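The structure file entry-v6.cif is reproduced below (mmCIF, C-alpha atoms).
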data_target
#
loop_
_atom_site.label_atom_id
_atom_site.label_comp_id
_atom_site.auth_asym_id
_atom_site.auth_seq_id
_atom_site.Cartn_x
_atom_site.Cartn_y
_atom_site.Cartn_z
CA ALA A 1 77.08 119.77 102.06
CA ALA A 2 77.43 116.59 104.07
CA PRO A 3 74.34 114.37 104.35
CA ALA A 4 71.86 115.22 107.09
CA GLY A 5 72.56 113.46 110.35
CA TRP A 6 76.32 113.16 109.90
CA ASN A 7 78.46 114.07 112.89
CA LYS A 8 80.25 117.34 112.17
CA TRP A 9 83.52 118.28 113.84
CA GLY A 10 84.34 121.85 114.83
CA VAL A 11 81.20 123.13 116.53
CA GLY A 12 83.22 123.82 119.71
CA ASN A 13 86.45 125.66 120.42
CA SER A 14 88.78 122.80 121.40
CA ILE A 15 90.96 120.61 119.18
CA ILE A 16 90.62 117.56 121.46
CA TRP A 17 88.81 114.60 119.85
CA PHE A 18 87.25 113.44 123.12
CA GLN A 19 85.59 116.82 123.85
CA ALA A 20 81.91 116.09 123.18
CA SER A 21 81.05 119.75 122.56
CA ASN A 22 83.33 119.75 119.49
CA TRP A 23 81.00 117.34 117.68
CA SER A 24 77.48 118.07 116.48
CA GLY A 25 76.45 114.55 117.54
CA GLY A 26 78.81 113.95 120.46
CA VAL A 27 82.03 111.95 120.51
CA PRO A 28 81.87 109.29 117.76
CA THR A 29 81.38 105.63 118.56
CA ALA A 30 81.89 102.53 116.45
CA THR A 31 78.19 102.46 115.54
CA SER A 32 77.26 106.16 115.43
CA ALA A 33 76.65 108.21 112.29
CA ALA A 34 79.46 108.90 109.86
CA ALA A 35 81.73 111.68 111.11
CA TYR A 36 83.63 114.31 109.16
CA ILE A 37 86.39 116.77 109.97
CA ASP A 38 86.67 120.02 108.03
CA GLY A 39 88.97 121.64 110.58
CA PHE A 40 91.63 120.38 112.98
CA SER A 41 91.29 117.54 115.49
CA ARG A 42 93.82 115.78 117.70
CA VAL A 43 93.92 112.34 119.34
CA GLU A 44 96.56 112.18 122.09
CA SER A 45 95.35 109.27 124.19
CA PRO A 46 94.26 105.69 123.49
CA GLY A 47 90.75 104.53 122.75
CA ALA A 48 89.28 106.85 120.10
CA VAL A 49 86.83 105.09 117.76
CA SER A 50 84.52 106.00 114.91
CA ASN A 51 82.28 104.50 112.29
CA HIS A 52 82.98 105.92 108.81
CA LEU A 53 85.38 108.88 109.14
CA HIS A 54 86.05 111.58 106.54
CA VAL A 55 89.05 113.89 107.01
CA GLY A 56 88.51 116.77 104.61
CA TYR A 57 84.98 116.06 103.39
CA GLU A 58 84.35 119.16 101.28
CA GLY A 59 86.86 121.60 102.81
CA THR A 60 90.21 121.20 104.55
CA GLY A 61 90.56 118.68 107.36
CA THR A 62 93.56 117.78 109.51
CA LEU A 63 93.84 114.99 112.05
CA ASP A 64 96.78 114.34 114.40
CA VAL A 65 97.16 110.97 116.11
CA ILE A 66 100.19 111.54 118.32
CA ASN A 67 101.87 110.88 121.67
CA GLY A 68 100.46 107.36 122.02
CA GLY A 69 96.99 108.21 120.77
CA THR A 70 95.00 105.50 119.00
CA LEU A 71 92.02 105.68 116.68
CA THR A 72 90.06 102.78 115.19
CA SER A 73 87.60 103.59 112.39
CA SER A 74 85.23 101.44 110.38
CA THR A 75 86.25 103.08 107.09
CA ILE A 76 88.57 106.01 106.32
CA PHE A 77 88.18 108.65 103.60
CA MET A 78 90.86 111.30 103.13
CA ALA A 79 89.74 114.24 100.94
CA THR A 80 86.34 112.88 100.03
CA GLN A 81 84.98 115.44 97.56
CA ALA A 82 86.72 116.96 94.57
CA GLY A 83 88.54 120.11 95.68
CA SER A 84 88.82 119.00 99.32
CA THR A 85 92.07 118.49 101.24
CA GLY A 86 92.69 115.90 103.95
CA GLN A 87 95.86 115.58 106.05
CA ALA A 88 96.64 113.07 108.80
CA ASN A 89 99.78 112.93 110.94
CA ILE A 90 100.56 109.79 112.95
CA ASP A 91 103.54 110.20 115.26
CA GLY A 92 104.94 108.18 118.15
CA ALA A 93 105.82 104.59 118.89
CA ASP A 94 102.41 103.65 120.32
CA SER A 95 100.32 105.85 118.04
CA PHE A 96 98.17 104.20 115.39
CA TRP A 97 95.18 104.77 113.17
CA ARG A 98 93.38 101.60 112.12
CA SER A 99 90.63 100.98 109.60
CA ASN A 100 88.68 97.79 110.11
CA THR A 101 87.91 97.82 106.38
CA THR A 102 89.35 100.21 103.73
CA ILE A 103 91.03 103.58 103.31
CA GLY A 104 90.92 106.05 100.43
CA VAL A 105 93.73 108.61 100.56
CA GLY A 106 92.89 111.25 98.01
CA HIS A 107 89.41 109.85 97.41
CA ALA A 108 88.38 112.64 95.04
CA GLY A 109 90.48 115.50 96.45
CA THR A 110 94.06 115.78 97.72
CA GLY A 111 94.91 113.56 100.68
CA ARG A 112 98.10 112.82 102.59
CA VAL A 113 99.03 110.61 105.54
CA THR A 114 102.41 111.21 107.20
CA ILE A 115 103.77 108.56 109.58
CA THR A 116 106.75 109.34 111.82
CA GLY A 117 108.41 108.33 115.06
CA GLY A 118 107.28 104.69 114.95
CA GLY A 119 103.60 105.38 114.33
CA ALA A 120 101.41 103.07 112.26
CA LEU A 121 98.62 103.21 109.69
CA ASP A 122 96.92 99.80 109.83
CA ILE A 123 94.36 98.95 107.11
CA ARG A 124 92.71 95.58 107.57
CA THR A 125 91.43 95.15 103.99
CA ASP A 126 92.20 97.38 100.93
CA SER A 127 94.06 100.69 100.54
CA TYR A 128 93.32 103.10 97.66
CA ILE A 129 95.90 105.86 97.17
CA GLY A 130 94.52 108.21 94.53
CA ALA A 131 91.17 106.47 94.45
CA THR A 132 89.06 108.22 91.80
CA PRO A 133 90.10 110.12 88.64
CA THR A 134 90.31 113.46 90.50
CA GLY A 135 91.98 111.96 93.56
CA ASN A 136 95.59 112.66 94.48
CA GLY A 137 96.90 110.67 97.44
CA THR A 138 100.18 110.30 99.31
CA VAL A 139 101.29 108.03 102.14
CA TYR A 140 104.70 108.97 103.49
CA ALA A 141 106.48 107.16 106.32
CA THR A 142 109.94 107.81 107.71
CA GLY A 143 112.07 106.42 110.50
CA ASP A 144 112.60 103.06 112.20
CA GLY A 145 109.36 101.46 113.32
CA SER A 146 107.08 103.67 111.24
CA ARG A 147 104.67 101.37 109.39
CA PHE A 148 102.01 101.30 106.68
CA LEU A 149 100.16 98.00 106.78
CA THR A 150 97.57 96.79 104.24
CA GLY A 151 95.97 93.42 104.91
CA GLY A 152 94.34 93.14 101.49
CA ASN A 153 95.01 94.82 98.13
CA LEU A 154 97.07 97.99 97.80
CA PHE A 155 96.09 100.24 94.88
CA VAL A 156 98.56 103.10 94.28
CA GLY A 157 97.20 105.33 91.55
CA ASN A 158 93.91 103.44 91.33
CA GLU A 159 92.07 105.88 89.05
CA GLY A 160 93.95 109.01 90.12
CA VAL A 161 97.50 109.90 91.16
CA GLY A 162 99.07 107.99 94.04
CA LEU A 163 102.44 108.04 95.80
CA VAL A 164 103.63 105.79 98.62
CA SER A 165 107.07 106.54 100.02
CA MET A 166 108.90 104.61 102.74
CA GLN A 167 112.06 106.35 103.94
CA ALA A 168 114.88 105.89 106.46
CA GLY A 169 113.86 102.54 107.93
CA ALA A 170 110.08 102.68 107.50
CA ASP A 171 108.23 99.48 106.59
CA MET A 172 105.25 98.57 104.44
CA THR A 173 103.31 95.34 103.97
CA SER A 174 100.49 94.41 101.60
CA GLY A 175 98.63 91.45 100.16
CA SER A 176 98.62 92.04 96.40
CA ALA A 177 99.60 95.43 94.97
CA TYR A 178 98.60 97.30 91.81
CA VAL A 179 100.61 100.40 90.94
CA GLY A 180 98.84 102.33 88.18
CA ASN A 181 95.73 100.20 88.35
CA THR A 182 93.29 101.60 85.77
CA ALA A 183 93.69 103.50 82.51
CA THR A 184 93.66 106.87 84.33
CA GLY A 185 95.77 105.68 87.24
CA ASN A 186 99.33 106.90 87.77
CA GLY A 187 101.09 105.36 90.74
CA THR A 188 104.57 105.48 92.27
CA VAL A 189 106.07 103.52 95.15
CA GLU A 190 109.46 104.51 96.59
CA ILE A 191 111.39 102.39 99.09
CA THR A 192 114.45 104.42 100.04
CA GLY A 193 117.29 103.92 102.49
CA ALA A 194 118.83 101.10 104.50
CA GLY A 195 116.21 99.33 106.61
CA SER A 196 113.27 100.56 104.53
CA THR A 197 111.23 97.57 103.39
CA TRP A 198 108.14 96.53 101.46
CA VAL A 199 106.88 92.97 101.83
CA ASN A 200 104.11 92.17 99.34
CA SER A 201 102.85 88.65 99.85
CA GLY A 202 100.71 88.30 96.70
CA SER A 203 100.90 89.54 93.12
CA LEU A 204 102.71 92.78 92.25
CA VAL A 205 101.46 94.49 89.08
CA ILE A 206 103.28 97.67 88.02
CA GLY A 207 101.28 99.35 85.29
CA SER A 208 98.18 97.18 85.31
CA THR A 209 96.23 99.24 82.78
CA GLY A 210 97.73 102.60 83.76
CA THR A 211 101.21 103.95 84.52
CA GLY A 212 103.16 102.52 87.43
CA THR A 213 106.66 102.97 88.82
CA VAL A 214 108.41 101.21 91.70
CA LYS A 215 111.76 102.58 92.90
CA VAL A 216 114.08 100.72 95.29
CA LEU A 217 116.82 103.16 96.23
CA ASP A 218 119.87 103.62 98.46
CA GLY A 219 119.67 100.28 100.27
CA GLY A 220 115.91 99.78 100.33
CA SER A 221 114.42 96.30 100.05
CA VAL A 222 111.32 94.91 98.30
CA THR A 223 110.03 91.35 98.53
CA ALA A 224 107.57 91.01 95.70
CA GLY A 225 105.50 87.88 96.31
CA THR A 226 103.94 85.30 94.03
CA PHE A 227 103.74 86.94 90.57
CA ILE A 228 105.25 90.11 89.07
CA ALA A 229 104.09 91.92 85.93
CA LEU A 230 105.22 95.22 84.39
CA GLY A 231 103.02 96.79 81.70
CA ARG A 232 100.38 94.13 81.98
CA LEU A 233 97.47 95.19 79.75
CA PRO A 234 96.54 97.76 77.09
CA ALA A 235 94.93 100.89 78.50
CA GLY A 236 92.43 101.99 75.87
CA ALA A 237 94.14 104.11 73.21
CA ALA A 238 97.34 104.26 75.27
CA ARG A 239 99.48 101.34 76.39
CA SER A 240 99.97 100.60 80.04
CA SER A 241 103.47 101.23 81.32
CA GLY A 242 105.35 99.62 84.20
CA THR A 243 108.84 100.58 85.38
CA LEU A 244 111.02 99.03 88.07
CA ILE A 245 114.14 100.92 89.17
CA VAL A 246 116.67 99.37 91.55
CA ASP A 247 119.51 101.79 92.28
CA GLY A 248 122.32 102.09 94.80
CA PRO A 249 124.47 99.84 96.99
CA GLY A 250 122.46 97.38 99.04
CA SER A 251 119.20 98.01 97.18
CA GLN A 252 117.39 94.72 96.71
CA PHE A 253 114.34 93.51 94.80
CA THR A 254 113.45 89.87 95.49
CA GLY A 255 111.01 88.39 93.02
CA SER A 256 108.89 85.30 92.65
CA THR A 257 109.19 82.36 90.30
CA GLN A 258 107.46 84.30 87.49
CA MET A 259 108.06 87.81 86.20
CA VAL A 260 106.53 89.26 83.01
CA VAL A 261 108.11 92.45 81.65
CA GLY A 262 105.84 94.00 79.03
CA GLY A 263 102.73 91.87 78.70
CA SER A 264 100.38 93.71 76.37
CA GLY A 265 101.85 96.99 77.63
CA ASP A 266 105.35 98.39 78.05
CA GLY A 267 107.70 97.15 80.78
CA THR A 268 111.12 98.39 81.87
CA VAL A 269 113.60 97.18 84.48
CA GLN A 270 116.55 99.40 85.34
CA ILE A 271 119.33 98.24 87.69
CA SER A 272 122.22 100.58 88.43
CA ASN A 273 124.97 101.71 90.81
CA GLY A 274 125.57 98.54 92.75
#

This entry written out as structure tokens:
Amino acid sequence: AAPAGWNKWGVGNSIIWFQASNWSGGVPTATSAAAYIDGFSRVESPGAVSNHLHVGYEGTGTLDVINGGTLTSSTIFMATQAGSTGQANIDGADSFWRSNTTIGVGHAGTGRVTITGGGALDIRTDSYIGATPTGNGTVYATGDGSRFLTGGNLFVGNEGVGLVSMQAGADMTSGSAYVGNTATGNGTVEITGAGSTWVNSGSLVIGSTGTGTVKVLDGGSVTAGTFIALGRLPAGAARSSGTLIVDGPGSQFTGSTQMVVGGSGDGTVQISNG
């Protein structure tokens, strides 16, 4: 069960976030108790805020931020406990969900964020996709103007399984990125289609001590930043593994002045079909 005093969603009969009777402690504020959604909630107008927010704390939670709705949270957890499921849908040109600190998508359960129609997921510090060993996280964005923004470090497959996929003109930015970060981490990033981009301003490590794969496909573009490593370090009894695949006409991977393929682990670069 959630800790005593947390603000529980679903005590009323409406799906509207701003309906006070739907919350055990009233509509969340930036300084109120942590809130959690095991049920379905919808934000369809600007100005929603929360302190720490869990979507799928110990059950199944779904959150829609659509039609110009906006939500700003202190911290975001998607699928907090093992066995939980958290789903968020962000749709529409003026729709966004912002964390003033971090996000964990698939913290210990199965979490997914889907971004469409020009919506945005805006994380001011670090993003963890597949955060803990039991976590399985996905961030999927498609369409022109749809964005996944990480101001700090991006960990895809931190200790669990992580997938980030930008499709059909969607964009992603990050500070430094670690794909397959720890020995148990398995991470994949896919940048697919003309106009789809990933701009990583710092280091890019694919297979830090785990297994990491980055795919640039069908005209996608990646700008990799200051330092690139594939298969950086040993991962206990197993070797870390980093793979970069660039495939298809117009697909582009722009690196830095230094790239290490297979440090103490295994590194592979595959370029094909134009």

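If you measure from each of A:Ser196, A:Thr254, A:Ser41, A:Asn100 to A:Thr72 using all atoms listed in the file, the closest one turns out to be A:Asn100.
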
For the file shown, what are the residues hit by the PyMOL selection byres ((chain A and resi 59) around 10), laid out as a VMD selection string? chain A and resid 1 37 to 39 55 to 58 60 to 61 79 to 86 109

Same residues, C-alpha atoms, saved as a PDB file, keeping the file's coordinate frame:
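As written to disk, selection12.pdb reads:
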ATOM      1  CA  ALA A   1      77.080 119.770 102.060  1.00  0.00           C
ATOM      2  CA  ILE A  37      86.390 116.770 109.970  1.00  0.00           C
ATOM      3  CA  ASP A  38      86.670 120.020 108.030  1.00  0.00           C
ATOM      4  CA  GLY A  39      88.970 121.640 110.580  1.00  0.00           C
ATOM      5  CA  VAL A  55      89.050 113.890 107.010  1.00  0.00           C
ATOM      6  CA  GLY A  56      88.510 116.770 104.610  1.00  0.00           C
ATOM      7  CA  TYR A  57      84.980 116.060 103.390  1.00  0.00           C
ATOM      8  CA  GLU A  58      84.350 119.160 101.280  1.00  0.00           C
ATOM      9  CA  THR A  60      90.210 121.200 104.550  1.00  0.00           C
ATOM     10  CA  GLY A  61      90.560 118.680 107.360  1.00  0.00           C
ATOM     11  CA  ALA A  79      89.740 114.240 100.940  1.00  0.00           C
ATOM     12  CA  THR A  80      86.340 112.880 100.030  1.00  0.00           C
ATOM     13  CA  GLN A  81      84.980 115.440  97.560  1.00  0.00           C
ATOM     14  CA  ALA A  82      86.720 116.960  94.570  1.00  0.00           C
ATOM     15  CA  GLY A  83      88.540 120.110  95.680  1.00  0.00           C
ATOM     16  CA  SER A  84      88.820 119.000  99.320  1.00  0.00           C
ATOM     17  CA  THR A  85      92.070 118.490 101.240  1.00  0.00           C
ATOM     18  CA  GLY A  86      92.690 115.900 103.950  1.00  0.00           C
ATOM     19  CA  GLY A 109      90.480 115.500  96.450  1.00  0.00           C
TER      20      GLY A 109
END

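Neighbourhood of point (110.2, 98.2, 103.3): residues with an atom at most 7 Å away, counting only C-alpha atoms, are Met166, Ala170, Asp171, Met172, Ile191, Gly195, Ser196, Thr197, Trp198, Val199, Gly220, Ser221 and Val222 of chain A.
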
Mind telling me what the PyMOL selection byres ((chain A and resi 88) around 8) catches here, as number ranges by chain? A: 55, 62-65, 86-87, 89-90, 112-114

Taking only residues of stretch 166-208 of chain A that have an atom at most 10 Å from an atom of stretch 265-273 of chain A, what is each one's shortest atom pair and its distance in Å to one decimal, using only C-alpha atoms, in chain and number order, as CSV?
residue,atom,partner,partner_atom,distance
A:Ile206,CA,A:Gly267,CA,8.5
A:Gly207,CA,A:Gly265,CA,8.0
A:Ser208,CA,A:Gly265,CA,8.5

Could you add whatever atoms are missing so that stretch 258-269 of chain A carries all heavy atoms, then write the result as a PDB file, keeping the file's coordinate frame?
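Contents of result.pdb, as written:
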ATOM      1  N   GLN A 258     107.913  83.848  88.804  1.00  0.00           N
ATOM      2  CA  GLN A 258     107.460  84.300  87.490  1.00  0.00           C
ATOM      3  C   GLN A 258     107.431  85.813  87.436  1.00  0.00           C
ATOM      4  O   GLN A 258     106.853  86.470  88.301  1.00  0.00           O
ATOM      5  CB  GLN A 258     106.080  83.753  87.155  1.00  0.00           C
ATOM      6  CG  GLN A 258     105.610  84.116  85.745  1.00  0.00           C
ATOM      7  CD  GLN A 258     104.262  83.508  85.410  1.00  0.00           C
ATOM      8  OE1 GLN A 258     103.558  83.033  86.291  1.00  0.00           O
ATOM      9  NE2 GLN A 258     103.897  83.500  84.145  1.00  0.00           N
ATOM     10  N   MET A 259     108.055  86.370  86.412  1.00  0.00           N
ATOM     11  CA  MET A 259     108.060  87.810  86.200  1.00  0.00           C
ATOM     12  C   MET A 259     107.852  88.080  84.718  1.00  0.00           C
ATOM     13  O   MET A 259     108.558  87.542  83.871  1.00  0.00           O
ATOM     14  CB  MET A 259     109.386  88.424  86.661  1.00  0.00           C
ATOM     15  CG  MET A 259     109.473  89.934  86.526  1.00  0.00           C
ATOM     16  SD  MET A 259     111.027  90.562  87.236  1.00  0.00           S
ATOM     17  CE  MET A 259     110.762  92.327  87.120  1.00  0.00           C
ATOM     18  N   VAL A 260     106.852  88.906  84.395  1.00  0.00           N
ATOM     19  CA  VAL A 260     106.530  89.260  83.010  1.00  0.00           C
ATOM     20  C   VAL A 260     106.822  90.746  82.833  1.00  0.00           C
ATOM     21  O   VAL A 260     106.236  91.586  83.519  1.00  0.00           O
ATOM     22  CB  VAL A 260     105.053  88.965  82.689  1.00  0.00           C
ATOM     23  CG1 VAL A 260     104.730  89.408  81.260  1.00  0.00           C
ATOM     24  CG2 VAL A 260     104.746  87.497  82.886  1.00  0.00           C
ATOM     25  N   VAL A 261     107.735  91.064  81.926  1.00  0.00           N
ATOM     26  CA  VAL A 261     108.110  92.450  81.650  1.00  0.00           C
ATOM     27  C   VAL A 261     107.557  92.815  80.280  1.00  0.00           C
ATOM     28  O   VAL A 261     108.050  92.340  79.254  1.00  0.00           O
ATOM     29  CB  VAL A 261     109.637  92.632  81.694  1.00  0.00           C
ATOM     30  CG1 VAL A 261     110.003  94.094  81.406  1.00  0.00           C
ATOM     31  CG2 VAL A 261     110.186  92.196  83.042  1.00  0.00           C
ATOM     32  N   GLY A 262     106.497  93.647  80.287  1.00  0.00           N
ATOM     33  CA  GLY A 262     105.840  94.000  79.030  1.00  0.00           C
ATOM     34  C   GLY A 262     104.934  92.886  78.569  1.00  0.00           C
ATOM     35  O   GLY A 262     105.321  92.057  77.745  1.00  0.00           O
ATOM     36  N   GLY A 263     103.723  92.834  79.146  1.00  0.00           N
ATOM     37  CA  GLY A 263     102.730  91.870  78.700  1.00  0.00           C
ATOM     38  C   GLY A 263     102.121  92.381  77.413  1.00  0.00           C
ATOM     39  O   GLY A 263     102.688  92.254  76.334  1.00  0.00           O
ATOM     40  N   SER A 264     100.950  93.008  77.527  1.00  0.00           N
ATOM     41  CA  SER A 264     100.380  93.710  76.370  1.00  0.00           C
ATOM     42  C   SER A 264     100.727  95.189  76.413  1.00  0.00           C
ATOM     43  O   SER A 264     100.401  95.932  75.500  1.00  0.00           O
ATOM     44  CB  SER A 264      98.852  93.548  76.373  1.00  0.00           C
ATOM     45  OG  SER A 264      98.503  92.198  76.232  1.00  0.00           O
ATOM     46  N   GLY A 265     101.403  95.615  77.496  1.00  0.00           N
ATOM     47  CA  GLY A 265     101.850  96.990  77.630  1.00  0.00           C
ATOM     48  C   GLY A 265     103.359  97.083  77.532  1.00  0.00           C
ATOM     49  O   GLY A 265     104.018  96.211  76.963  1.00  0.00           O
ATOM     50  N   ASP A 266     103.913  98.147  78.103  1.00  0.00           N
ATOM     51  CA  ASP A 266     105.350  98.390  78.050  1.00  0.00           C
ATOM     52  C   ASP A 266     105.953  98.189  79.439  1.00  0.00           C
ATOM     53  O   ASP A 266     105.471  98.750  80.432  1.00  0.00           O
ATOM     54  CB  ASP A 266     105.625  99.836  77.598  1.00  0.00           C
ATOM     55  CG  ASP A 266     105.106 100.112  76.194  1.00  0.00           C
ATOM     56  OD1 ASP A 266     105.272  99.230  75.338  1.00  0.00           O
ATOM     57  OD2 ASP A 266     104.543 101.199  75.989  1.00  0.00           O
ATOM     58  N   GLY A 267     107.036  97.418  79.514  1.00  0.00           N
ATOM     59  CA  GLY A 267     107.700  97.150  80.780  1.00  0.00           C
ATOM     60  C   GLY A 267     109.181  97.460  80.709  1.00  0.00           C
ATOM     61  O   GLY A 267     109.836  97.175  79.704  1.00  0.00           O
ATOM     62  N   THR A 268     109.713  98.029  81.806  1.00  0.00           N
ATOM     63  CA  THR A 268     111.120  98.390  81.870  1.00  0.00           C
ATOM     64  C   THR A 268     111.680  98.032  83.229  1.00  0.00           C
ATOM     65  O   THR A 268     111.061  98.328  84.253  1.00  0.00           O
ATOM     66  CB  THR A 268     111.328  99.904  81.630  1.00  0.00           C
ATOM     67  OG1 THR A 268     110.787 100.261  80.367  1.00  0.00           O
ATOM     68  CG2 THR A 268     112.809 100.271  81.675  1.00  0.00           C
ATOM     69  N   VAL A 269     112.863  97.419  83.248  1.00  0.00           N
ATOM     70  CA  VAL A 269     113.600  97.180  84.480  1.00  0.00           C
ATOM     71  C   VAL A 269     114.957  97.846  84.362  1.00  0.00           C
ATOM     72  O   VAL A 269     115.686  97.613  83.384  1.00  0.00           O
ATOM     73  CB  VAL A 269     113.782  95.669  84.764  1.00  0.00           C
ATOM     74  CG1 VAL A 269     114.621  95.452  86.024  1.00  0.00           C
ATOM     75  CG2 VAL A 269     112.437  94.972  84.909  1.00  0.00           C
TER      76      VAL A 269
END
